[in-house]
Protein chains: 2
Amino acid sequence: MAFHLLERDREGAREIADALNETLNKVIRCRRCNTFSEKQLCDVCASPKREPDVLCVVETPADLESVEQSAVFQGMYFVLMGHLSPLDGIGPDELALDRLASLVDEENISEVILATNLTAEGEATAEYIHQLLIDRPVKVTRIARGVPVGGELEYLDHGTLSQAFSDRRTV
Amino acid sequence: MAFHLLERDREGAREIADALNETLNKVIRCRRCNTFSEKQLCDVCASPKREPDVLCVVETPADLESVEQSAVFQGMYFVLMGHLSPLDGIGPDELALDRLASLVDEENISEVILATNLTAEGEATAEYIHQLLIDRPVKVTRIARGVPVGGELEYLDHGTLSQAFSDRRTV
């Protein structure tokens, strides 16, 4: 791509550079939920239609978009911008977990939904946040583990199948 | 494969034919749980170590093997040998649901776990069995729907994500 631009489309390259620079100047972090935004408060945080006392914790702005697109959640978000990963030097300070804790205290949050990924790092991050909030008067929940929609038992890994059995629900 | 056997390995073809015939003669259905077995009672049904009052309903013998390999379940099985599929002419009679119902009555089953697939047909079959058992004194449960182990929110379909949020659990 770099060679193509240099050889044949130097004007296009300048446009991409300008667009990137403009984005870098415009896009900041929402001061409440930490996601990318062009304003001090992102659209979700600024909306009066959201439930103000339910807080969904996700790893990245892309995860936030996924949840928004599924239209299942009407509350507020907090975006960690990553997950705990000691080998990469990412600890609680890098994830702004102190800001998350003071948000829970200040905004009278009644439920925190831990929607980090179901990977090892995501699970560890969820457990860390659970411990961080354990003494506060807030309900902490985790998104359900189990069989995905359309899933067939024959092709599931053993971990997912075990989880689906131990978390089974009365119908 | 057929041409290869006819051209170069007629003896091998005879061995395959004999093996298939032997299997067809030997393998019958377990008279209790309906799965494939070489004996009147399959190994699971004959084992004294299983919990006799928990019954897991699966679609196929392959599903039964999956659950067995995940080592999460210690009860008994009932194998439907398919799922409800009116367009293919598969209704309640073809799935031996009357046998399932009398099994629940006769063996003092305390819980029926519906472990059909999370496909449209599997869900419909589970719902049908739920209705069939609704007046009996037995707890009916469904395996958990949600995010599979290792799942990342960014790549999940909306249906699974919705399910994971609405079925979230207190930690």
# chains A, B, ... in the order shown; residues from 1 in each chain; ligands from 1
>>> interface_residues(of="chain B", to="chain A", cutoff="7 Å", atoms="only C-alpha atoms", output="ChimeraX atom specification")
/B:62-63,66,70,72,117-119,140-154,158-162,164-165,167-171
>>> write_last_selection(atoms="C-alpha atoms", output="CSV table (one decimal), in the first residue's frame")
chain,number,residue,atom,x,y,z
B,62,ALA,CA,-22.8,-38.5,19.0
B,63,ASP,CA,-24.2,-35.9,21.3
B,66,SER,CA,-19.7,-35.4,23.6
B,70,SER,CA,-16.7,-33.6,28.9
B,72,VAL,CA,-19.5,-33.1,33.5
B,117,ASN,CA,-28.9,-28.5,20.2
B,118,LEU,CA,-29.4,-24.7,20.4
B,119,THR,CA,-30.6,-24.7,16.7
B,140,VAL,CA,-37.1,-29.6,33.8
B,141,THR,CA,-33.9,-27.7,33.0
B,142,ARG,CA,-32.2,-26.5,29.8
B,143,ILE,CA,-28.5,-26.3,29.3
B,144,ALA,CA,-27.2,-22.7,29.5
B,145,ARG,CA,-27.1,-20.4,26.5
B,146,GLY,CA,-24.3,-17.8,26.4
B,147,VAL,CA,-20.8,-17.0,25.4
B,148,PRO,CA,-18.6,-20.0,24.8
B,149,VAL,CA,-15.3,-20.4,26.6
B,150,GLY,CA,-12.7,-18.2,24.9
B,151,GLY,CA,-15.4,-16.1,23.3
B,152,GLU,CA,-14.8,-12.4,22.5
B,153,LEU,CA,-17.6,-9.9,22.5
B,154,GLU,CA,-16.4,-8.2,19.3
B,158,HIS,CA,-26.2,-10.5,18.3
B,159,GLY,CA,-28.4,-13.4,19.4
B,160,THR,CA,-25.7,-15.0,21.6
B,161,LEU,CA,-24.8,-11.6,23.0
B,162,SER,CA,-28.4,-10.8,23.9
B,164,ALA,CA,-25.6,-13.7,27.5
B,165,PHE,CA,-26.9,-10.4,28.8
B,167,ASP,CA,-29.1,-14.7,31.4
B,168,ARG,CA,-26.4,-13.0,33.3
B,169,ARG,CA,-25.6,-14.3,36.8
B,170,THR,CA,-24.7,-12.8,40.1
B,171,VAL,CA,-21.1,-13.5,41.0
>>> select_by_dssp(residues="range 3-158 of chain A", states="strand (DSSP E)", output="list in words")
Ile28, Arg29, Phe36, Ser37, Val54, Leu55, Cys56, Val57, Val58, Met76, Tyr77, Phe78, Val79, Glu111, Val112, Ile113, Leu114, Lys139, Val140, Thr141 and Arg142 of chain A
>>> write_last_selection(atoms="N, CA and C atoms", output="tab-separated table (two decimals), in the first residue's frame")
chain	number	residue	atom	x	y	z
A	28	ILE	N	-11.05	12.13	21.28
A	28	ILE	CA	-10.50	12.06	22.64
A	28	ILE	C	-11.23	10.95	23.39
A	29	ARG	N	-10.98	10.88	24.69
A	29	ARG	CA	-11.69	9.87	25.49
A	29	ARG	C	-12.85	10.54	26.21
A	36	PHE	N	-13.77	6.07	23.09
A	36	PHE	CA	-13.43	7.11	22.13
A	36	PHE	C	-14.64	8.00	21.87
A	37	SER	N	-14.40	9.30	21.72
A	37	SER	CA	-15.49	10.23	21.50
A	37	SER	C	-14.92	11.50	20.90
A	54	VAL	N	-27.24	1.23	35.90
A	54	VAL	CA	-26.66	-0.06	35.50
A	54	VAL	C	-25.42	0.22	34.68
A	55	LEU	N	-24.31	-0.38	35.08
A	55	LEU	CA	-23.02	-0.09	34.45
A	55	LEU	C	-22.44	-1.37	33.85
A	56	CYS	N	-22.15	-1.34	32.55
A	56	CYS	CA	-21.60	-2.51	31.86
A	56	CYS	C	-20.11	-2.26	31.61
A	57	VAL	N	-19.26	-3.16	32.13
A	57	VAL	CA	-17.81	-3.00	31.98
A	57	VAL	C	-17.34	-3.84	30.80
A	58	VAL	N	-16.77	-3.19	29.77
A	58	VAL	CA	-16.25	-3.91	28.60
A	58	VAL	C	-14.77	-3.60	28.43
A	76	MET	N	-25.46	2.22	31.13
A	76	MET	CA	-24.24	2.97	30.85
A	76	MET	C	-23.05	2.00	30.73
A	77	TYR	N	-21.90	2.54	30.25
A	77	TYR	CA	-20.72	1.70	30.07
A	77	TYR	C	-19.53	2.22	30.85
A	78	PHE	N	-18.56	1.34	31.06
A	78	PHE	CA	-17.22	1.78	31.39
A	78	PHE	C	-16.25	0.94	30.55
A	79	VAL	N	-15.36	1.61	29.83
A	79	VAL	CA	-14.46	0.91	28.91
A	79	VAL	C	-13.06	0.86	29.53
A	111	GLU	N	-26.15	-1.96	39.75
A	111	GLU	CA	-25.64	-3.22	39.20
A	111	GLU	C	-24.47	-2.96	38.26
A	112	VAL	N	-23.39	-3.73	38.45
A	112	VAL	CA	-22.26	-3.70	37.53
A	112	VAL	C	-22.26	-5.02	36.77
A	113	ILE	N	-22.39	-4.96	35.44
A	113	ILE	CA	-22.35	-6.16	34.61
A	113	ILE	C	-20.94	-6.33	34.05
A	114	LEU	N	-20.26	-7.40	34.43
A	114	LEU	CA	-18.90	-7.64	33.94
A	114	LEU	C	-19.00	-8.30	32.57
A	139	LYS	N	-24.70	-4.78	43.20
A	139	LYS	CA	-24.84	-6.14	42.69
A	139	LYS	C	-23.87	-6.31	41.53
A	140	VAL	N	-23.03	-7.34	41.57
A	140	VAL	CA	-22.09	-7.58	40.48
A	140	VAL	C	-22.51	-8.83	39.73
A	141	THR	N	-22.70	-8.70	38.40
A	141	THR	CA	-23.12	-9.85	37.60
A	141	THR	C	-22.12	-10.11	36.47
A	142	ARG	N	-22.16	-11.32	35.93
A	142	ARG	CA	-21.28	-11.70	34.83
A	142	ARG	C	-22.17	-12.18	33.69
>>> atom_distance(atom1="CA of Asp88 in chain B", atom2="CA of Asn21 in chain B")
27.9 Å
>>> select_by_dssp(residues="range 47-119 of chain A", states="alpha helix (DSSP H)", output="JSON, numbers by chain")
{"A": [61, 62, 63, 64, 65, 66, 67, 68, 69, 70, 97, 98, 99, 100, 101, 102, 103, 104, 105, 106]}
>>> write_last_selection(atoms="C-alpha atoms", output="PDB file, in the first residue's frame")
ATOM      1  CA  PRO A  61     -14.675   0.485  22.341  1.00  0.00           C
ATOM      2  CA  ALA A  62     -15.241  -2.281  19.743  1.00  0.00           C
ATOM      3  CA  ASP A  63     -16.869  -4.448  22.446  1.00  0.00           C
ATOM      4  CA  LEU A  64     -19.076  -1.480  23.398  1.00  0.00           C
ATOM      5  CA  GLU A  65     -20.187  -1.211  19.752  1.00  0.00           C
ATOM      6  CA  SER A  66     -20.990  -4.956  19.680  1.00  0.00           C
ATOM      7  CA  VAL A  67     -23.224  -4.669  22.724  1.00  0.00           C
ATOM      8  CA  GLU A  68     -24.895  -1.529  21.334  1.00  0.00           C
ATOM      9  CA  GLN A  69     -25.609  -3.276  18.037  1.00  0.00           C
ATOM     10  CA  SER A  70     -27.226  -6.225  19.797  1.00  0.00           C
ATOM     11  CA  LEU A  97      -9.881   0.719  37.796  1.00  0.00           C
ATOM     12  CA  ASP A  98      -9.733   3.446  40.451  1.00  0.00           C
ATOM     13  CA  ARG A  99     -11.902   5.624  38.173  1.00  0.00           C
ATOM     14  CA  LEU A 100     -14.320   2.684  37.791  1.00  0.00           C
ATOM     15  CA  ALA A 101     -14.528   2.315  41.579  1.00  0.00           C
ATOM     16  CA  SER A 102     -15.185   6.016  42.186  1.00  0.00           C
ATOM     17  CA  LEU A 103     -17.795   6.016  39.383  1.00  0.00           C
ATOM     18  CA  VAL A 104     -19.647   3.215  41.178  1.00  0.00           C
ATOM     19  CA  ASP A 105     -19.488   5.178  44.441  1.00  0.00           C
ATOM     20  CA  GLU A 106     -20.468   8.563  43.040  1.00  0.00           C
TER      21      GLU A 106
END
